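What follows is the content of my_file_36.csv, which has CSV, C-alpha atoms and all ligand atoms:
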chain,number,residue,atom,x,y,z
A,1,MET,CA,6.4,20.4,-24.4
A,2,ALA,CA,7.6,16.8,-24.2
A,3,GLU,CA,6.6,14.5,-27.0
A,4,THR,CA,3.6,12.3,-26.1
A,5,PHE,CA,2.5,8.8,-27.3
A,6,THR,CA,-0.4,6.6,-26.6
A,7,PHE,CA,-0.9,3.1,-25.4
A,8,SER,CA,-4.0,0.9,-24.8
A,9,LEU,CA,-5.2,0.2,-21.2
A,10,ASP,CA,-8.1,-2.3,-21.0
A,11,GLY,CA,-9.2,-1.1,-24.5
A,12,GLY,CA,-9.0,2.7,-23.7
A,13,LYS,CA,-6.4,5.0,-25.2
A,14,ILE,CA,-4.0,6.6,-22.6
A,15,SER,CA,-1.6,9.4,-23.4
A,16,ALA,CA,1.9,9.3,-21.9
A,17,HIS,CA,5.2,11.0,-22.2
A,18,PRO,CA,8.7,9.4,-22.2
A,19,GLY,CA,9.7,8.4,-18.7
A,20,GLN,CA,6.2,8.1,-17.3
A,21,SER,CA,5.2,4.8,-15.7
A,22,ILE,CA,2.1,3.0,-16.8
A,23,MET,CA,0.6,4.0,-13.4
A,24,GLU,CA,1.5,7.7,-13.7
A,25,ALA,CA,0.0,7.8,-17.2
A,26,ALA,CA,-3.2,6.0,-16.0
A,27,ASP,CA,-3.5,8.3,-13.0
A,28,ALA,CA,-3.1,11.4,-15.2
A,29,ALA,CA,-5.9,10.0,-17.4
A,30,GLY,CA,-8.1,9.3,-14.4
A,31,VAL,CA,-7.9,5.5,-14.6
A,32,TYR,CA,-7.2,3.8,-11.3
A,33,ILE,CA,-4.7,0.9,-11.1
A,34,PRO,CA,-4.8,-0.7,-7.6
A,35,ARG,CA,-1.6,-0.3,-5.5
A,36,LEU,CA,-0.5,-0.5,-1.9
A,37,CYS,CA,3.2,0.2,-1.7
A,38,ASP,CA,3.0,3.2,-4.0
A,39,THR,CA,1.6,6.6,-2.9
A,40,GLU,CA,1.8,10.1,-4.2
A,41,GLY,CA,5.0,11.9,-3.3
A,42,LEU,CA,7.2,8.8,-2.8
A,43,LYS,CA,9.5,7.1,-5.3
A,44,PRO,CA,7.9,3.9,-6.5
A,45,GLN,CA,9.5,0.7,-5.3
A,46,GLY,CA,7.4,-2.0,-7.0
A,47,SER,CA,7.3,-4.4,-4.1
A,48,CYS,CA,3.7,-5.2,-3.3
A,49,ARG,CA,2.9,-6.2,-6.9
A,50,VAL,CA,-0.8,-5.3,-6.4
A,51,CYS,CA,-0.5,-3.0,-9.4
A,52,VAL,CA,0.4,-6.1,-11.6
A,53,VAL,CA,-0.7,-5.6,-15.2
A,54,LYS,CA,0.1,-7.3,-18.4
A,55,MET,CA,2.0,-5.3,-21.0
A,56,ASN,CA,2.0,-7.0,-24.4
A,57,GLY,CA,1.3,-10.3,-22.6
A,58,ARG,CA,4.1,-9.9,-20.0
A,59,THR,CA,3.3,-9.3,-16.3
A,60,VAL,CA,4.9,-6.1,-15.0
A,61,ALA,CA,4.4,-3.7,-12.0
A,62,ALA,CA,2.6,-0.7,-13.4
A,63,CYS,CA,4.3,1.6,-10.8
A,64,THR,CA,7.8,1.0,-12.1
A,65,GLN,CA,7.3,-0.1,-15.7
A,66,PRO,CA,7.7,2.8,-18.1
A,67,ALA,CA,4.8,3.2,-20.5
A,68,LYS,CA,5.6,2.2,-24.1
A,69,ALA,CA,4.1,3.6,-27.3
A,70,ASP,CA,1.4,1.4,-28.9
A,71,SER,CA,1.7,-1.3,-26.2
A,72,VAL,CA,-1.4,-3.2,-25.1
A,73,VAL,CA,-1.9,-3.1,-21.3
A,74,GLU,CA,-4.5,-5.2,-19.4
A,75,SER,CA,-5.4,-4.5,-15.8
A,76,GLU,CA,-9.0,-5.4,-14.9
A,77,THR,CA,-9.1,-8.9,-16.4
A,78,PRO,CA,-10.3,-12.0,-14.4
A,79,GLU,CA,-6.7,-13.4,-14.5
A,80,ILE,CA,-5.1,-10.2,-13.1
A,81,LEU,CA,-7.9,-9.7,-10.5
A,82,GLY,CA,-7.1,-13.2,-9.4
A,83,TYR,CA,-3.4,-12.4,-8.9
A,84,ARG,CA,-4.3,-9.3,-6.9
A,85,ARG,CA,-6.7,-11.2,-4.7
A,86,ASP,CA,-4.0,-13.8,-3.9
A,87,LEU,CA,-1.4,-11.0,-3.1
A,88,VAL,CA,-3.9,-9.3,-0.8
A,89,ARG,CA,-4.9,-12.6,0.9
A,90,MET,CA,-1.3,-13.4,1.5
A,91,LEU,CA,-0.8,-10.1,3.3
A,92,PHE,CA,-3.7,-10.9,5.6
A,93,HIS,CA,-2.2,-14.4,6.3
A,94,GLU,CA,1.3,-13.1,6.9
A,95,GLY,CA,0.4,-10.6,9.6
A,96,ASN,CA,-2.0,-10.3,12.5
A,97,HIS,CA,-5.1,-8.4,11.2
A,98,LEU,CA,-8.1,-8.0,13.6
A,99,CYS,CA,-10.0,-5.3,11.7
A,100,PRO,CA,-12.9,-4.9,14.2
A,101,ILE,CA,-10.5,-3.7,16.9
A,102,CYS,CA,-8.0,-1.9,14.7
A,103,GLU,CA,-7.6,1.8,14.9
A,104,ALA,CA,-7.1,2.0,11.1
A,105,SER,CA,-10.4,0.3,10.2
A,106,GLY,CA,-12.2,2.4,7.6
A,107,ARG,CA,-9.1,4.3,6.6
A,108,CYS,CA,-6.9,1.3,5.9
A,109,GLU,CA,-5.8,0.7,2.3
A,110,LEU,CA,-5.4,-3.0,2.8
A,111,GLN,CA,-8.9,-3.5,4.2
A,112,ALA,CA,-10.3,-1.2,1.4
A,113,MET,CA,-8.4,-3.1,-1.2
A,114,ALA,CA,-9.8,-6.4,0.0
A,115,TYR,CA,-13.3,-5.0,-0.2
A,116,ARG,CA,-12.6,-3.7,-3.7
A,117,LEU,CA,-11.5,-7.1,-4.7
A,118,GLY,CA,-14.5,-8.8,-3.1
A,119,ILE,CA,-12.6,-10.5,-0.3
A,120,THR,CA,-14.6,-10.5,2.9
A,121,GLN,CA,-12.9,-13.5,4.5
A,122,SER,CA,-9.7,-15.3,3.8
A,123,THR,CA,-9.3,-19.0,4.4
A,124,LYS,CA,-7.1,-19.9,1.4
A,125,TYR,CA,-3.7,-20.0,3.2
A,126,PRO,CA,-2.6,-20.9,6.7
A,127,TYR,CA,-2.3,-17.9,9.1
A,128,LEU,CA,1.4,-17.4,10.1
A,129,GLN,CA,0.4,-15.5,13.3
A,130,PRO,CA,3.8,-13.9,13.9
A,131,VAL,CA,4.7,-12.7,17.4
A,132,ARG,CA,5.9,-9.1,17.1
A,133,PRO,CA,6.2,-6.7,20.1
A,134,VAL,CA,4.5,-3.4,20.0
A,135,ASP,CA,6.8,-0.4,20.5
A,136,ALA,CA,5.0,2.2,22.6
A,137,SER,CA,8.2,3.8,24.0
A,138,HIS,CA,7.7,7.2,22.3
A,139,PRO,CA,5.6,9.8,24.0
A,140,ASP,CA,3.6,10.6,20.7
A,141,ILE,CA,3.9,7.5,18.5
A,142,VAL,CA,3.2,3.8,18.6
A,143,LEU,CA,4.7,1.3,16.1
A,144,ASP,CA,2.8,-2.0,15.9
A,145,THR,CA,4.3,-4.1,13.1
A,146,ASN,CA,1.8,-6.9,13.6
A,147,ARG,CA,-0.2,-5.2,10.7
A,148,CYS,CA,2.9,-4.3,8.6
A,149,ILE,CA,2.7,-5.2,4.9
A,150,LEU,CA,6.3,-4.2,4.3
A,151,CYS,CA,5.3,-1.5,1.8
A,152,GLY,CA,8.3,0.6,2.8
A,153,ARG,CA,6.4,3.9,2.7
A,154,CYS,CA,7.5,4.9,6.2
A,155,ILE,CA,11.1,4.0,5.2
A,156,ARG,CA,11.0,6.1,2.0
A,157,ALA,CA,9.2,9.0,3.6
A,158,SER,CA,11.7,9.1,6.5
A,159,ARG,CA,14.7,8.8,4.3
A,160,ASP,CA,13.7,10.9,1.2
A,161,ILE,CA,11.5,13.6,2.8
A,162,ASP,CA,12.4,13.8,6.5
A,163,GLY,CA,16.1,13.0,5.8
A,164,LYS,CA,16.2,11.0,9.0
A,165,ASN,CA,16.3,7.2,8.2
A,166,VAL,CA,14.2,6.4,11.3
A,167,PHE,CA,12.7,3.2,9.7
A,168,GLU,CA,14.5,0.4,7.9
A,169,TYR,CA,14.0,-3.2,6.9
A,170,VAL,CA,15.6,-5.8,9.2
A,171,GLY,CA,15.8,-9.6,8.7
A,172,ARG,CA,15.3,-11.7,5.6
A,173,GLY,CA,12.6,-13.8,4.1
A,174,ILE,CA,9.6,-14.4,6.3
A,175,HIS,CA,11.6,-12.8,9.2
A,176,LYS,CA,11.9,-9.5,7.3
A,177,LYS,CA,10.2,-6.7,9.3
A,178,VAL,CA,10.4,-3.0,9.8
A,179,GLY,CA,12.7,-1.8,12.5
A,180,VAL,CA,14.0,1.5,13.7
A,181,ASN,CA,17.5,3.0,13.9
A,182,GLY,CA,17.7,2.6,17.7
A,183,ASP,CA,16.7,0.2,20.5
A,184,ASN,CA,13.1,1.5,20.2
A,185,LEU,CA,11.2,4.6,18.8
A,186,ALA,CA,12.1,6.7,21.9
A,187,ASP,CA,15.7,6.1,21.1
A,188,THR,CA,15.4,7.7,17.6
A,189,ASN,CA,15.0,11.3,16.5
A,190,VAL,CA,11.5,10.6,15.1
A,191,SER,CA,8.9,13.4,15.6
A,192,ILE,CA,5.2,13.5,15.4
A,193,ASP,CA,5.6,16.2,12.7
A,194,ASP,CA,7.7,13.9,10.4
A,195,ARG,CA,6.2,13.1,7.0
A,196,ALA,CA,6.7,9.4,7.8
A,197,ILE,CA,4.2,9.7,10.7
A,198,HIS,CA,1.4,11.4,8.7
A,199,LEU,CA,-1.6,9.2,8.6
A,200,ASP,CA,-1.5,8.9,4.8
A,201,ILE,CA,2.0,7.3,4.8
A,202,CYS,CA,1.4,3.9,6.6
A,203,PRO,CA,-1.4,2.3,4.5
A,204,VAL,CA,-2.5,0.1,7.4
A,205,GLY,CA,-2.5,0.5,11.2
A,206,CYS,CA,1.1,0.2,12.2
A,207,ILE,CA,2.1,3.8,12.9
A,208,ILE,CA,-0.4,5.2,15.4
A,209,GLN,CA,-0.4,8.8,16.8
A,210,LYS,CA,-1.0,8.7,20.5
A,211,GLY,CA,-3.9,10.7,21.7
A,212,ARG,CA,-5.5,10.8,18.2
A,213,GLY,CA,-7.1,7.3,18.2
A,214,PHE,CA,-10.5,7.2,16.5
A,215,PHE,CA,-10.3,10.9,15.8
A,216,THR,CA,-12.8,10.2,13.0
A,217,PRO,CA,-15.5,7.9,14.1
A,218,ILE,CA,-15.8,4.5,12.4
A,219,GLY,CA,-18.5,4.7,9.7
A,220,LYS,CA,-17.3,8.2,8.7
A,221,ARG,CA,-13.8,7.4,7.6
A,222,GLN,CA,-12.4,7.7,4.1
A,223,PHE,CA,-13.2,4.2,2.8
A,224,ASP,CA,-16.4,4.0,4.8
A,225,LEU,CA,-17.6,6.8,2.5
A,226,ALA,CA,-16.2,5.7,-0.9
A,227,PRO,CA,-14.3,2.6,-2.1
A,228,ILE,CA,-10.6,2.8,-2.7
A,229,GLY,CA,-9.9,3.9,-6.3
A,230,GLY,CA,-13.5,4.9,-6.9
A,231,GLU,CA,-16.0,2.6,-8.5
A,232,GLU,CA,-15.5,-1.0,-7.3
A,233,LYS,CA,-14.6,-3.7,-9.8
A,234,GLY,CA,-13.8,-7.3,-9.8
A,235,HIS,CA,-16.0,-8.9,-7.2
A,236,GLU,CA,-15.0,-12.4,-6.3
A,237,GLU,CA,-16.6,-15.1,-8.4
A,301,LIG,S1,-4.4,-2.7,9.4
A,301,LIG,FE1,-6.2,-2.7,8.0
A,301,LIG,S2,-6.4,-4.9,7.4
A,301,LIG,FE2,-5.1,-4.8,9.2
A,301,LIG,S3,-6.4,-5.1,11.0
A,301,LIG,FE3,-6.2,-2.9,10.7
A,301,LIG,S4,-7.9,-2.3,9.4
A,301,LIG,FE4,-7.7,-4.5,9.2
A,302,LIG,S1,5.0,0.3,9.1
A,302,LIG,FE1,3.4,0.9,7.7
A,302,LIG,S2,4.4,2.2,6.2
A,302,LIG,FE2,6.0,1.1,7.2
A,302,LIG,S3,6.4,-0.7,5.9
A,302,LIG,FE3,4.9,-1.3,7.5
A,302,LIG,S4,2.9,-1.0,6.5
A,302,LIG,FE4,4.4,0.1,5.3
Now, as a test, write the supplied structure out as C-alpha cells.
Ligand code: SF4
Ligand code: SF4
Amino acid sequence: MAETFTFSLDGGKISAHPGQSIMEAADAAGVYIPRLCDTEGLKPQGSCRVCVVKMNGRTVAACTQPAKADSVVESETPEILGYRRDLVRMLFHEGNHLCPICEASGRCELQAMAYRLGITQSTKYPYLQPVRPVDASHPDIVLDTNRCILCGRCIRASRDIDGKNVFEYVGRGIHKKVGVNGDNLADTNVSIDDRAIHLDICPVGCIIQKGRGFFTPIGKRQFDLAPIGGEEKGHEE
C-alpha cells in the first residue's frame, strides 16, 4: 500500500498519497472544493481556476497542485470565496447566458456554482455579448457556444476517451472559442453515443441532444434538488 501523509484543509486533517492532487485527496475525504473545468474521468487541466485554494499562503489550482505533507491549505475563506465569485461572474459576462430560457437550467454547473457562491445577479463587469452562430447541422446534436465557458471537457472527452478529436480550441484571447474539426458538426464523425456528448460532460448548455430537450422537467433537475457540492457555503456579503 502506498505511503500516505496528511495535510490541513480549512483546519481539518486530510490523508493523501504521493501524486494525489489536493482536490483528489479532498474528494476522497468527502470535502468538496468547487470546480468547473474538472470532472471525474477526465485529466485535470487547471484552466477555470474556480478550485483556487491557498497552500502555505500561495494561490494554486487544487485540481493540478499535488498535495504536500504537512501543508496548510485554505479553501472556504472570505478572500478565496471572493476570488471564486469574480471568476464565476466573469464567465457570465463573457458569454450569453439567459438562464430562464436555457435547456440546461437546473442541471447547469455554472448556474449552480453561482447560487452556491450567493450570486443571483451580476452587474460588476460589462457584458461582452459575443455573437456566436449556433451549429444545428448534425441530425442529433446542437452546439451553441454562446454559453461556452472554455472548460475543455468536450475536447478532453473526445480526444482522450472517444479518440476522435471532434472538438478543439480555435482563436486566441477573447476570440478563443470551441470549434469542431470540420466545417460544422455534420462534417465530423461525432456521434450521439460519444462520451463527449453525454450530458455530464458539458457543464453548461452548449452541447444539446436533439429530441431530448427538457427530458427532466425544470424544478426536478439535479441542482433544483440539491446544491452543487452539497451544503452551500459562502453567501455573498
Ligand atoms: S448555460 Fe447555465 S448559466 Fe448559462 S444560460 Fe444556461 S443555465 Fe444559465
Ligand atoms: S462546449 Fe461545453 S464542454 Fe466544451 S468547452 Fe464549452 S463549456 Fe466546456
Self-check item: Contacts to ligand LIG 302 (chain A) at 9 Å cut-off (only C-alpha atoms and all ligand atoms) as a ChimeraX atom specification
Solution: /A:36-37,143-157,167-169,177-179,196-197,201-207
Exercise. Could the residues that lie within 7 Å of ligand LIG 301 (chain A), counting only C-alpha atoms and all ligand atoms, be listed as a ChimeraX atom specification?
Key: /A:92,96-99,102-106,108-111,147,204-206
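Between atom CA of Ala112 of chain A and atom CA of Lys124 of chain A the separation is 19.0 Å.
Using only C-alpha atoms, the contacts of Tyr125 of chain A at a cut-off of 9 Å, with sequence neighbours closer than 4 positions omitted, comprise Arg89, Met90 and His93 of chain A.
Minimum atom-to-atom distance to Arg116 of chain A, evaluated using all atoms listed in the file, belongs to A:Ile33 out of A:Met23, A:Ile174, A:Val190, A:Ile33.
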Quiz prompt | Shell around Asn184 of chain A at 10 Å using only C-alpha atoms, local window under 5 positions removed, as a list in words | solution = Val134, Asp135, Ala136, Ser137, His138, Leu143 and Gly179 of chain A
Practice problem: Kindly indicate which residue among A:His175, A:Ala28, A:Pro227, A:Val142 lies nearest to Arg212 of chain A, using only C-alpha atoms for the distances. | Solution: A:Val142
Quiz prompt | One-decimal distance in Å that lies between atom CA of Ser47 of chain A and atom CA of Pro126 of chain A | solution = 22.1 Å
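Closest approach to Gly57 of chain A among A:Leu42, A:Ile14, A:Ile80, A:Ala69 is made by A:Ile80 (distances from only C-alpha atoms).
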Exercise. For atom CA of Val60 of chain A and atom CA of Thr120 of chain A, determine how far apart the two atoms are, in Å to one decimal place.
Key: 26.8 Å
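Candidate residues A:Pro130, A:Gly219, A:Gly211, A:Pro139 were compared for distance to Lys176 of chain A, and the nearest is A:Pro130, using all atoms listed in the file.
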Practice problem: List the neighbours of Pro44 of chain A out to 9 Å using all atoms listed in the file; skip same-chain residues closer than 6 positions along the sequence, and give me the result as a ChimeraX atom specification. | Solution: /A:37-38,63-64
For those residues, write C-alpha atoms to a file as a compact mmCIF listing (two decimals), in the coordinates of the input.
# COMPACT_ATOMS: atom_id res chain seq x y z
CA CYS A 37 3.20 0.20 -1.70
CA ASP A 38 3.00 3.20 -4.00
CA CYS A 63 4.30 1.60 -10.80
CA THR A 64 7.80 1.00 -12.10
